[in-house]
Each structure stands twice: as structure tokens, then as C-alpha cells.
$ cat data26.csv   # CSV, N, CA and C atoms and all ligand atoms
chain,number,residue,atom,x,y,z
A,152,MET,N,0.9,-1.2,0.0
A,152,MET,CA,0.0,0.0,0.0
A,152,MET,C,0.9,1.3,0.0
A,153,ASN,N,0.5,2.2,-0.8
A,153,ASN,CA,1.2,3.5,-0.8
A,153,ASN,C,0.7,4.3,0.4
A,154,THR,N,1.5,4.4,1.4
A,154,THR,CA,1.1,5.1,2.6
A,154,THR,C,1.4,6.6,2.5
A,155,ASN,N,2.1,7.0,1.5
A,155,ASN,CA,2.5,8.4,1.4
A,155,ASN,C,1.4,9.4,1.4
A,156,GLN,N,0.4,9.1,0.6
A,156,GLN,CA,-0.8,10.0,0.5
A,156,GLN,C,-1.5,10.1,1.9
A,157,PHE,N,-1.5,9.0,2.6
A,157,PHE,CA,-2.2,9.0,3.9
A,157,PHE,C,-1.3,9.8,4.9
A,158,LYS,N,0.0,9.6,4.8
A,158,LYS,CA,0.9,10.3,5.7
A,158,LYS,C,0.7,11.8,5.6
A,159,ILE,N,0.6,12.3,4.3
A,159,ILE,CA,0.4,13.7,4.1
A,159,ILE,C,-0.9,14.2,4.7
A,160,LYS,N,-2.0,13.5,4.5
A,160,LYS,CA,-3.2,13.9,5.1
A,160,LYS,C,-3.2,13.9,6.6
A,161,LEU,N,-2.5,12.9,7.2
A,161,LEU,CA,-2.5,12.7,8.6
A,161,LEU,C,-1.6,13.9,9.2
A,162,GLU,N,-0.5,14.2,8.6
A,162,GLU,CA,0.3,15.3,9.0
A,162,GLU,C,-0.4,16.6,9.0
A,163,GLU,N,-1.2,16.8,8.0
A,163,GLU,CA,-2.1,18.0,7.9
A,163,GLU,C,-3.1,18.1,9.0
A,164,GLU,N,-3.7,16.9,9.2
A,164,GLU,CA,-4.8,16.9,10.3
A,164,GLU,C,-4.1,17.1,11.7
A,165,LYS,N,-3.0,16.5,11.9
A,165,LYS,CA,-2.3,16.6,13.1
A,165,LYS,C,-2.0,18.1,13.4
A,166,ALA,N,-1.5,18.8,12.4
A,166,ALA,CA,-1.2,20.2,12.6
A,166,ALA,C,-2.4,21.0,12.9
A,167,LEU,N,-3.5,20.7,12.2
A,167,LEU,CA,-4.8,21.4,12.5
A,167,LEU,C,-5.3,21.1,13.9
A,168,LEU,N,-5.2,19.9,14.3
A,168,LEU,CA,-5.7,19.5,15.7
A,168,LEU,C,-4.8,20.2,16.7
A,169,GLU,N,-3.5,20.2,16.5
A,169,GLU,CA,-2.6,20.9,17.5
A,169,GLU,C,-3.0,22.3,17.6
A,170,GLN,N,-3.3,22.9,16.5
A,170,GLN,CA,-3.6,24.3,16.5
A,170,GLN,C,-4.9,24.6,17.3
A,171,GLU,N,-5.9,23.7,17.0
A,171,GLU,CA,-7.2,23.8,17.6
A,171,GLU,C,-7.1,23.5,19.1
A,172,LEU,N,-6.4,22.5,19.5
A,172,LEU,CA,-6.2,22.2,20.9
A,172,LEU,C,-5.4,23.3,21.6
A,173,GLY,N,-4.4,23.8,20.9
A,173,GLY,CA,-3.7,24.9,21.5
A,173,GLY,C,-4.5,26.2,21.8
A,174,ARG,N,-5.5,26.3,21.0
A,174,ARG,CA,-6.4,27.5,21.1
A,174,ARG,C,-7.4,27.3,22.3
A,175,LEU,N,-7.9,26.1,22.4
A,175,LEU,CA,-9.0,25.8,23.3
A,175,LEU,C,-8.4,25.3,24.7
A,176,GLY,N,-7.3,24.8,24.7
A,176,GLY,CA,-6.8,24.2,25.9
A,176,GLY,C,-5.4,24.4,26.2
A,177,ILE,N,-5.0,23.9,27.4
A,177,ILE,CA,-3.6,24.0,27.8
A,177,ILE,C,-3.1,22.6,28.1
A,178,LYS,N,-1.9,22.3,27.5
A,178,LYS,CA,-1.4,21.0,27.7
A,178,LYS,C,-0.7,20.8,29.0
A,179,ASP,N,-1.1,19.8,29.7
A,179,ASP,CA,-0.5,19.5,31.0
A,179,ASP,C,0.9,18.8,30.7
A,180,PRO,N,2.0,19.5,31.1
A,180,PRO,CA,3.3,18.9,30.7
A,180,PRO,C,3.6,17.6,31.4
A,181,GLU,N,2.9,17.3,32.5
A,181,GLU,CA,3.2,16.1,33.2
A,181,GLU,C,2.5,14.9,32.7
A,182,THR,N,1.2,15.1,32.4
A,182,THR,CA,0.4,14.0,31.9
A,182,THR,C,0.3,13.9,30.4
A,183,GLY,N,0.5,15.1,29.7
A,183,GLY,CA,0.4,15.1,28.3
A,183,GLY,C,-1.1,15.3,27.9
A,184,ASN,N,-2.0,15.5,28.9
A,184,ASN,CA,-3.4,15.7,28.5
A,184,ASN,C,-3.7,17.1,28.3
A,185,TRP,N,-4.7,17.4,27.6
A,185,TRP,CA,-5.1,18.8,27.4
A,185,TRP,C,-6.3,19.1,28.3
A,186,ASN,N,-6.1,20.3,28.9
A,186,ASN,CA,-7.2,20.8,29.8
A,186,ASN,C,-7.8,22.0,29.3
A,187,PRO,N,-9.0,22.3,29.6
A,187,PRO,CA,-9.6,23.5,29.0
A,187,PRO,C,-8.9,24.7,29.5
A,188,ASN,N,-8.7,25.7,28.6
A,188,ASN,CA,-8.1,26.9,28.9
A,188,ASN,C,-9.1,27.8,29.7
A,189,PRO,N,-8.8,28.1,31.0
A,189,PRO,CA,-9.8,28.8,31.9
A,189,PRO,C,-10.3,30.1,31.3
A,190,SER,N,-9.5,30.8,30.6
A,190,SER,CA,-9.9,32.1,30.0
A,190,SER,C,-10.9,31.9,28.9
A,191,GLU,N,-11.0,30.7,28.3
A,191,GLU,CA,-11.9,30.4,27.2
A,191,GLU,C,-13.1,29.6,27.7
A,192,ASN,N,-13.2,29.4,29.0
A,192,ASN,CA,-14.2,28.5,29.5
A,192,ASN,C,-14.9,29.1,30.7
A,193,THR,N,-15.5,30.3,30.6
A,193,THR,CA,-16.1,30.9,31.7
A,193,THR,C,-17.5,30.2,31.9
A,194,GLU,N,-18.1,29.6,30.9
A,194,GLU,CA,-19.3,28.9,31.0
A,194,GLU,C,-19.4,27.8,30.1
A,195,ILE,N,-20.3,26.8,30.3
A,195,ILE,CA,-20.3,25.6,29.5
A,195,ILE,C,-21.1,25.9,28.2
A,196,GLU,N,-20.5,25.6,27.1
A,196,GLU,CA,-21.2,25.7,25.9
A,196,GLU,C,-22.3,24.6,25.8
A,197,SER,N,-23.5,25.1,25.6
A,197,SER,CA,-24.6,24.1,25.6
A,197,SER,C,-24.7,23.4,24.2
A,198,ASP,N,-24.4,24.1,23.2
A,198,ASP,CA,-24.5,23.5,21.8
A,198,ASP,C,-23.1,23.5,21.2
A,199,PRO,N,-22.4,22.3,21.2
A,199,PRO,CA,-21.1,22.3,20.7
A,199,PRO,C,-21.0,22.5,19.1
A,200,ILE,N,-22.2,22.3,18.5
A,200,ILE,CA,-22.2,22.5,17.0
A,200,ILE,C,-22.1,24.0,16.7
A,201,ASP,N,-22.6,24.8,17.6
A,201,ASP,CA,-22.7,26.2,17.4
A,201,ASP,C,-21.3,26.8,17.6
A,202,MET,N,-20.4,26.5,16.7
A,202,MET,CA,-19.0,27.1,16.9
A,202,MET,C,-18.9,28.4,16.2
A,203,GLY,N,-19.5,29.4,16.8
A,203,GLY,CA,-19.6,30.7,16.1
A,203,GLY,C,-18.3,31.4,16.1
A,204,ASP,N,-18.3,32.6,15.7
A,204,ASP,CA,-17.1,33.4,15.7
A,204,ASP,C,-17.1,34.5,16.7
A,205,ARG,N,-18.0,34.3,17.7
A,205,ARG,CA,-18.0,35.2,18.8
A,205,ARG,C,-16.9,34.9,19.8
A,206,ASP,N,-15.9,35.6,19.8
A,206,ASP,CA,-14.7,35.3,20.6
A,206,ASP,C,-15.0,35.6,22.1
A,207,GLU,N,-15.7,36.6,22.4
A,207,GLU,CA,-15.8,37.1,23.8
A,207,GLU,C,-16.6,36.1,24.6
A,208,ASP,N,-17.8,35.9,24.2
A,208,ASP,CA,-18.7,35.0,25.0
A,208,ASP,C,-18.7,33.6,24.5
A,209,PHE,N,-17.9,33.3,23.6
A,209,PHE,CA,-17.8,32.0,23.1
A,209,PHE,C,-17.0,31.0,23.9
A,210,THR,N,-17.7,30.0,24.4
A,210,THR,CA,-17.0,29.1,25.3
A,210,THR,C,-17.0,27.7,24.8
A,211,ILE,N,-16.1,26.9,25.3
A,211,ILE,CA,-16.0,25.5,24.8
A,211,ILE,C,-16.1,24.6,26.0
A,212,SER,N,-16.8,23.6,25.9
A,212,SER,CA,-16.9,22.6,27.0
A,212,SER,C,-15.6,21.7,26.9
A,213,SER,N,-15.3,21.1,28.0
A,213,SER,CA,-14.1,20.2,28.0
A,213,SER,C,-14.4,19.0,27.1
A,214,SER,N,-15.7,18.7,26.9
A,214,SER,CA,-16.0,17.5,26.0
A,214,SER,C,-15.5,17.8,24.6
A,215,LYS,N,-15.5,19.0,24.2
A,215,LYS,CA,-15.0,19.4,22.9
A,215,LYS,C,-13.5,19.1,22.8
A,216,ILE,N,-12.8,19.4,23.9
A,216,ILE,CA,-11.3,19.1,23.9
A,216,ILE,C,-11.1,17.6,23.9
A,217,GLU,N,-11.9,16.9,24.7
A,217,GLU,CA,-11.8,15.5,24.7
A,217,GLU,C,-12.0,14.9,23.3
A,218,GLU,N,-12.9,15.4,22.6
A,218,GLU,CA,-13.2,14.9,21.3
A,218,GLU,C,-12.0,15.1,20.4
A,219,LEU,N,-11.4,16.3,20.5
A,219,LEU,CA,-10.2,16.7,19.6
A,219,LEU,C,-9.1,15.8,20.0
A,220,GLU,N,-8.9,15.6,21.3
A,220,GLU,CA,-7.8,14.9,21.9
A,220,GLU,C,-7.9,13.4,21.4
A,221,PHE,N,-9.1,12.9,21.4
A,221,PHE,CA,-9.4,11.5,21.0
A,221,PHE,C,-8.9,11.4,19.5
A,222,ARG,N,-9.4,12.3,18.7
A,222,ARG,CA,-9.0,12.3,17.3
A,222,ARG,C,-7.5,12.5,17.1
A,223,TYR,N,-6.9,13.4,17.9
A,223,TYR,CA,-5.5,13.6,17.8
A,223,TYR,C,-4.7,12.3,18.1
A,224,ASN,N,-5.2,11.6,19.1
A,224,ASN,CA,-4.5,10.3,19.5
A,224,ASN,C,-4.6,9.3,18.4
A,225,ASP,N,-5.7,9.3,17.7
A,225,ASP,CA,-5.9,8.4,16.5
A,225,ASP,C,-4.9,8.7,15.4
A,226,VAL,N,-4.8,10.0,15.2
A,226,VAL,CA,-3.9,10.5,14.1
A,226,VAL,C,-2.5,10.2,14.5
A,227,LEU,N,-2.1,10.4,15.7
A,227,LEU,CA,-0.7,10.1,16.1
A,227,LEU,C,-0.5,8.6,16.0
A,228,SER,N,-1.4,7.8,16.4
A,228,SER,CA,-1.3,6.3,16.3
A,228,SER,C,-1.1,5.9,14.9
A,229,ALA,N,-1.9,6.5,14.0
A,229,ALA,CA,-1.8,6.1,12.6
A,229,ALA,C,-0.4,6.5,12.0
A,230,LEU,N,0.1,7.7,12.4
A,230,LEU,CA,1.4,8.1,11.9
A,230,LEU,C,2.5,7.1,12.4
A,231,GLN,N,2.3,6.7,13.7
A,231,GLN,CA,3.3,5.8,14.2
A,231,GLN,C,3.3,4.5,13.5
A,232,LYS,N,2.1,4.0,13.1
A,232,LYS,CA,1.9,2.8,12.3
A,232,LYS,C,2.6,2.9,11.0
A,233,ILE,N,2.5,4.1,10.4
A,233,ILE,CA,3.1,4.2,9.1
A,233,ILE,C,4.6,4.1,9.3
A,234,GLU,N,5.1,4.6,10.4
A,234,GLU,CA,6.6,4.6,10.6
A,234,GLU,C,7.0,3.1,10.8
A,235,ASN,N,6.3,2.3,11.5
A,235,ASN,CA,6.7,1.0,11.8
A,235,ASN,C,6.1,-0.1,10.9
A,236,GLY,N,5.4,0.4,9.8
A,236,GLY,CA,5.0,-0.5,8.8
A,236,GLY,C,3.8,-1.3,9.0
A,237,SER,N,3.0,-1.0,10.1
A,237,SER,CA,1.8,-1.7,10.4
A,237,SER,C,0.5,-1.0,10.1
A,238,TYR,N,0.7,0.1,9.3
A,238,TYR,CA,-0.4,0.9,8.9
A,238,TYR,C,-1.4,0.2,8.0
A,239,GLY,N,-2.7,0.4,8.2
A,239,GLY,CA,-3.7,-0.1,7.3
A,239,GLY,C,-4.3,-1.4,7.7
A,240,PHE,N,-4.0,-1.9,8.9
A,240,PHE,CA,-4.6,-3.1,9.4
A,240,PHE,C,-5.5,-2.9,10.5
A,241,CYS,N,-6.6,-3.7,10.5
A,241,CYS,CA,-7.7,-3.6,11.5
A,241,CYS,C,-7.1,-4.0,12.8
A,242,GLU,N,-7.4,-3.2,13.9
A,242,GLU,CA,-6.9,-3.5,15.2
A,242,GLU,C,-7.7,-4.6,15.8
A,243,VAL,N,-8.9,-4.9,15.3
A,243,VAL,CA,-9.7,-6.0,15.8
A,243,VAL,C,-9.4,-7.3,15.1
A,244,SER,N,-9.4,-7.3,13.8
A,244,SER,CA,-9.3,-8.6,13.1
A,244,SER,C,-7.9,-8.8,12.5
A,245,GLY,N,-7.1,-7.7,12.4
A,245,GLY,CA,-5.8,-7.8,11.8
A,245,GLY,C,-5.8,-7.8,10.3
A,246,GLU,N,-7.0,-7.7,9.7
A,246,GLU,CA,-7.1,-7.7,8.3
A,246,GLU,C,-6.8,-6.3,7.7
A,247,GLU,N,-6.6,-6.3,6.4
A,247,GLU,CA,-6.3,-5.0,5.8
A,247,GLU,C,-7.6,-4.1,5.8
A,248,ILE,N,-7.4,-2.9,6.1
A,248,ILE,CA,-8.6,-1.9,6.1
A,248,ILE,C,-8.8,-1.5,4.7
A,249,GLU,N,-10.1,-1.5,4.3
A,249,GLU,CA,-10.5,-1.1,2.9
A,249,GLU,C,-9.9,0.3,2.6
A,250,GLU,N,-9.4,0.4,1.4
A,250,GLU,CA,-8.7,1.6,1.0
A,250,GLU,C,-9.7,2.8,1.0
A,251,ASP,N,-10.9,2.6,0.6
A,251,ASP,CA,-11.9,3.7,0.5
A,251,ASP,C,-12.2,4.2,1.9
A,252,ARG,N,-12.1,3.3,2.9
A,252,ARG,CA,-12.3,3.7,4.3
A,252,ARG,C,-11.1,4.6,4.7
A,253,LEU,N,-9.9,4.2,4.4
A,253,LEU,CA,-8.8,5.0,4.7
A,253,LEU,C,-8.8,6.3,4.0
A,254,LEU,N,-9.3,6.3,2.8
A,254,LEU,CA,-9.3,7.6,2.1
A,254,LEU,C,-10.3,8.5,2.8
A,255,ALA,N,-11.4,8.0,3.3
A,255,ALA,CA,-12.4,8.8,4.0
A,255,ALA,C,-11.9,9.2,5.4
A,256,ASN,N,-11.1,8.3,6.0
A,256,ASN,CA,-10.6,8.5,7.4
A,256,ASN,C,-9.2,7.9,7.5
A,257,PRO,N,-8.2,8.6,7.2
A,257,PRO,CA,-6.8,8.0,7.3
A,257,PRO,C,-6.4,7.5,8.6
A,258,ALA,N,-7.1,8.0,9.7
A,258,ALA,CA,-6.7,7.6,11.0
A,258,ALA,C,-7.6,6.4,11.5
A,259,ALA,N,-8.3,5.8,10.6
A,259,ALA,CA,-9.2,4.6,11.0
A,259,ALA,C,-8.3,3.5,11.6
A,260,ARG,N,-8.9,3.0,12.7
A,260,ARG,CA,-8.2,1.9,13.5
A,260,ARG,C,-8.7,0.6,13.1
A,261,THR,N,-9.9,0.5,12.5
A,261,THR,CA,-10.5,-0.8,12.2
A,261,THR,C,-11.1,-0.8,10.8
A,262,CYS,N,-11.3,-2.0,10.3
A,262,CYS,CA,-12.0,-2.2,9.0
A,262,CYS,C,-13.5,-1.9,9.2
A,263,LYS,N,-14.2,-1.9,8.0
A,263,LYS,CA,-15.6,-1.5,8.0
A,263,LYS,C,-16.4,-2.5,8.9
A,264,ALA,N,-16.0,-3.7,8.9
A,264,ALA,CA,-16.8,-4.7,9.7
A,264,ALA,C,-16.7,-4.4,11.2
A,265,HIS,N,-15.6,-3.8,11.6
A,265,HIS,CA,-15.4,-3.5,13.1
A,265,HIS,C,-15.4,-2.1,13.5
A,266,MET,N,-16.1,-1.3,12.7
A,266,MET,CA,-16.3,0.1,13.0
A,266,MET,C,-17.2,0.1,14.3
A,267,ASN,N,-16.9,1.1,15.1
A,267,ASN,CA,-17.9,1.2,16.3
A,267,ASN,C,-18.8,2.3,16.2
B,1,ZN,ZN,-11.7,-5.8,11.2

$ encode --input "data26.csv" --output "C-alpha cells" --more "lines below"
Ligand SMILES: [Zn+2]
Amino acid sequence: MNTNQFKIKLEEEKALLEQELGRLGIKDPETGNWNPNPSENTEIESDPIDMGDRDEDFTISSSKIEELEFRYNDVLSALQKIENGSYGFCEVSGEEIEEDRLLANPAARTCKAHMN
């Protein structure tokens, strides 16, 4: 499998996620986890879809950060697999992940049969 195209997409997504996480949260240097940035979180955002451009009263719940962090970890894991040559195999069955699934989601950990 040509992993180069996936690597490029993953690197791009990693950079975007780092940017987004850096804006919304503060990385704990000891645990490596991201915590909500207090100045950005004076109240809980009730509708996470409503990601408006109101900077002042615009707040993010920590669940948004968790979601980004989850995705970020998937991306990191996929990049690591590319490095060690195990990229593109289902974590459940060990079979090759369908290429169209990887094209839709380069950080996919499982094949279509084992999507959760
Ligand atoms: Zn599978």
C-alpha cells in the first residue's frame, strides 16, 4: 500500500488539531493531557455544534477538547503505524482496512466490519 498520501493527510490533520487544541486548551506537561483553557471557559457551551465566531462570550466545554484529543491520538497512532510498517490493518481482526475507508478517514483503526 502506498502510505505516502495518507501520511500527508495525517500530518495535515495533526497540525490542525494541534492548532485547535492549543487554542482551546492548555497541555499539562506532566500527563500530556489537554485541559480547558480557563480564560476560554467561563461557562459551559450548551451546543457544541454552534461554533460561532463570537470570541468574547464563546466558550468551549471540556468535552470538545476530549473529542479533539481523541481524534489527535488516533492521528498520532496512525502516523506511528506508518513509521513501523503496520499501517492499514484492522486493530480487531488484523485484516487490511479497505482503501476507501482509509481515504475517508486516514486515522481509521479498524476495517468496516469492526467500526464502532
Ligand atoms: Zn476488522

$ closest_residue --input "data26.csv" --among "A:Thr261, A:Asn224, A:Asn155, A:Asn267" --to "ligand ZN 1 (chain B)" --atoms "all atoms listed in the file"
A:Thr261

$ residues_near_ligand --input "data26.csv" --ligand "ligand ZN 1 (chain B)" --cutoff "6 Å" --atoms "only C-alpha atoms and all ligand atoms" --output "list in words"
Cys241, Val243, Ser244, Glu246, Thr261, Cys262, Ala264 and His265 of chain A

$ atom_distance --input "data26.csv" --atom1 "atom C of A:Met266" --atom2 "atom CA of A:Leu253"
13.7 Å

$ atom_distance --input "data26.csv" --atom1 "atom CA of A:Val226" --atom2 "atom CA of A:Leu161"
6.1 Å

$ axis_aligned_box --input "data26.csv" --around "stretch 171-184 of chain A" --padding-each-side "5 Å" --output "lines of an AutoDock Vina configuration file"
center_x = -2.7
center_y = 20.7
center_z = 25.1
size_x = 22.6
size_y = 23.6
size_z = 26.2

$ residues_around --input "data26.csv" --residues "A:Ile177" --least-positions-apart "3" --cutoff "8 Å" --atoms "all atoms listed in the file" --output "PDB file with N, CA and C atoms, in the frame of the given file"
ATOM      1  N   LEU A 172      -6.400  22.500  19.500  1.00  0.00           N
ATOM      2  CA  LEU A 172      -6.200  22.200  20.900  1.00  0.00           C
ATOM      3  C   LEU A 172      -5.400  23.300  21.600  1.00  0.00           C
ATOM      4  N   GLY A 173      -4.400  23.800  20.900  1.00  0.00           N
ATOM      5  CA  GLY A 173      -3.700  24.900  21.500  1.00  0.00           C
ATOM      6  C   GLY A 173      -4.500  26.200  21.800  1.00  0.00           C
ATOM      7  N   ARG A 174      -5.500  26.300  21.000  1.00  0.00           N
ATOM      8  CA  ARG A 174      -6.400  27.500  21.100  1.00  0.00           C
ATOM      9  C   ARG A 174      -7.400  27.300  22.300  1.00  0.00           C
ATOM     10  N   PRO A 180       2.000  19.500  31.100  1.00  0.00           N
ATOM     11  CA  PRO A 180       3.300  18.900  30.700  1.00  0.00           C
ATOM     12  C   PRO A 180       3.600  17.600  31.400  1.00  0.00           C
ATOM     13  N   GLY A 183       0.500  15.100  29.700  1.00  0.00           N
ATOM     14  CA  GLY A 183       0.400  15.100  28.300  1.00  0.00           C
ATOM     15  C   GLY A 183      -1.100  15.300  27.900  1.00  0.00           C
ATOM     16  N   ASN A 184      -2.000  15.500  28.900  1.00  0.00           N
ATOM     17  CA  ASN A 184      -3.400  15.700  28.500  1.00  0.00           C
ATOM     18  C   ASN A 184      -3.700  17.100  28.300  1.00  0.00           C
ATOM     19  N   TRP A 185      -4.700  17.400  27.600  1.00  0.00           N
ATOM     20  CA  TRP A 185      -5.100  18.800  27.400  1.00  0.00           C
ATOM     21  C   TRP A 185      -6.300  19.100  28.300  1.00  0.00           C
ATOM     22  N   ASN A 186      -6.100  20.300  28.900  1.00  0.00           N
ATOM     23  CA  ASN A 186      -7.200  20.800  29.800  1.00  0.00           C
ATOM     24  C   ASN A 186      -7.800  22.000  29.300  1.00  0.00           C
ATOM     25  N   PRO A 187      -9.000  22.300  29.600  1.00  0.00           N
ATOM     26  CA  PRO A 187      -9.600  23.500  29.000  1.00  0.00           C
ATOM     27  C   PRO A 187      -8.900  24.700  29.500  1.00  0.00           C
ATOM     28  N   ASN A 188      -8.700  25.700  28.600  1.00  0.00           N
ATOM     29  CA  ASN A 188      -8.100  26.900  28.900  1.00  0.00           C
ATOM     30  C   ASN A 188      -9.100  27.800  29.700  1.00  0.00           C
ATOM     31  N   PRO A 189      -8.800  28.100  31.000  1.00  0.00           N
ATOM     32  CA  PRO A 189      -9.800  28.800  31.900  1.00  0.00           C
ATOM     33  C   PRO A 189     -10.300  30.100  31.300  1.00  0.00           C
TER      34      PRO A 189
END

$ decode --input "data26.csv" --residues "stretch 256-265 of chain A" --atoms "all heavy atoms" --output "short mmCIF file (atom, residue, chain, number, x, y, z; two decimals), in the first residue's frame"
data_model
loop_
_atom_site.label_atom_id
_atom_site.label_comp_id
_atom_site.auth_asym_id
_atom_site.auth_seq_id
_atom_site.Cartn_x
_atom_site.Cartn_y
_atom_site.Cartn_z
N ASN A 256 -11.13 8.27 6.05
CA ASN A 256 -10.60 8.51 7.39
C ASN A 256 -9.23 7.85 7.53
O ASN A 256 -9.13 6.70 7.92
CB ASN A 256 -11.58 7.96 8.43
CG ASN A 256 -11.03 8.10 9.85
OD1 ASN A 256 -10.05 8.83 10.08
ND2 ASN A 256 -11.62 7.40 10.79
N PRO A 257 -8.18 8.59 7.22
CA PRO A 257 -6.83 8.01 7.25
C PRO A 257 -6.42 7.52 8.64
O PRO A 257 -5.49 6.75 8.77
CB PRO A 257 -5.92 9.16 6.80
CG PRO A 257 -6.82 10.17 6.19
CD PRO A 257 -8.16 10.00 6.83
N ALA A 258 -7.11 8.00 9.68
CA ALA A 258 -6.75 7.58 11.04
C ALA A 258 -7.58 6.39 11.52
O ALA A 258 -7.51 6.03 12.68
CB ALA A 258 -6.93 8.75 12.00
N ALA A 259 -8.32 5.78 10.61
CA ALA A 259 -9.18 4.65 11.00
C ALA A 259 -8.35 3.54 11.64
O ALA A 259 -7.29 3.18 11.15
CB ALA A 259 -9.91 4.11 9.78
N ARG A 260 -8.87 3.00 12.75
CA ARG A 260 -8.16 1.92 13.45
C ARG A 260 -8.68 0.55 13.06
O ARG A 260 -8.04 -0.46 13.35
CB ARG A 260 -8.34 2.08 14.97
CG ARG A 260 -7.62 3.28 15.56
CD ARG A 260 -8.02 3.40 17.04
NE ARG A 260 -7.35 4.53 17.69
CZ ARG A 260 -6.18 4.42 18.33
NH1 ARG A 260 -5.56 3.28 18.39
NH2 ARG A 260 -5.65 5.48 18.92
N THR A 261 -9.87 0.53 12.49
CA THR A 261 -10.50 -0.77 12.19
C THR A 261 -11.07 -0.80 10.78
O THR A 261 -11.28 0.25 10.16
CB THR A 261 -11.67 -1.05 13.16
OG1 THR A 261 -12.62 0.00 13.01
CG2 THR A 261 -11.20 -1.12 14.59
N CYS A 262 -11.33 -2.02 10.29
CA CYS A 262 -11.98 -2.17 8.99
C CYS A 262 -13.47 -1.86 9.16
O CYS A 262 -13.96 -1.67 10.26
CB CYS A 262 -11.76 -3.58 8.46
SG CYS A 262 -12.61 -4.87 9.38
N LYS A 263 -14.18 -1.88 8.02
CA LYS A 263 -15.60 -1.52 8.05
C LYS A 263 -16.42 -2.46 8.95
O LYS A 263 -17.36 -2.04 9.60
CB LYS A 263 -16.17 -1.54 6.63
CG LYS A 263 -15.73 -0.35 5.80
CD LYS A 263 -16.32 -0.46 4.40
CE LYS A 263 -15.73 0.59 3.48
NZ LYS A 263 -16.11 0.35 2.09
N ALA A 264 -16.03 -3.73 8.94
CA ALA A 264 -16.79 -4.70 9.74
C ALA A 264 -16.66 -4.44 11.24
O ALA A 264 -17.52 -4.84 12.02
CB ALA A 264 -16.31 -6.12 9.42
N HIS A 265 -15.60 -3.75 11.63
CA HIS A 265 -15.38 -3.54 13.07
C HIS A 265 -15.43 -2.08 13.46
O HIS A 265 -14.85 -1.67 14.48
CB HIS A 265 -14.03 -4.17 13.48
CG HIS A 265 -13.99 -5.65 13.22
ND1 HIS A 265 -13.23 -6.20 12.24
CD2 HIS A 265 -14.67 -6.65 13.82
CE1 HIS A 265 -13.43 -7.53 12.24
NE2 HIS A 265 -14.30 -7.82 13.19
#
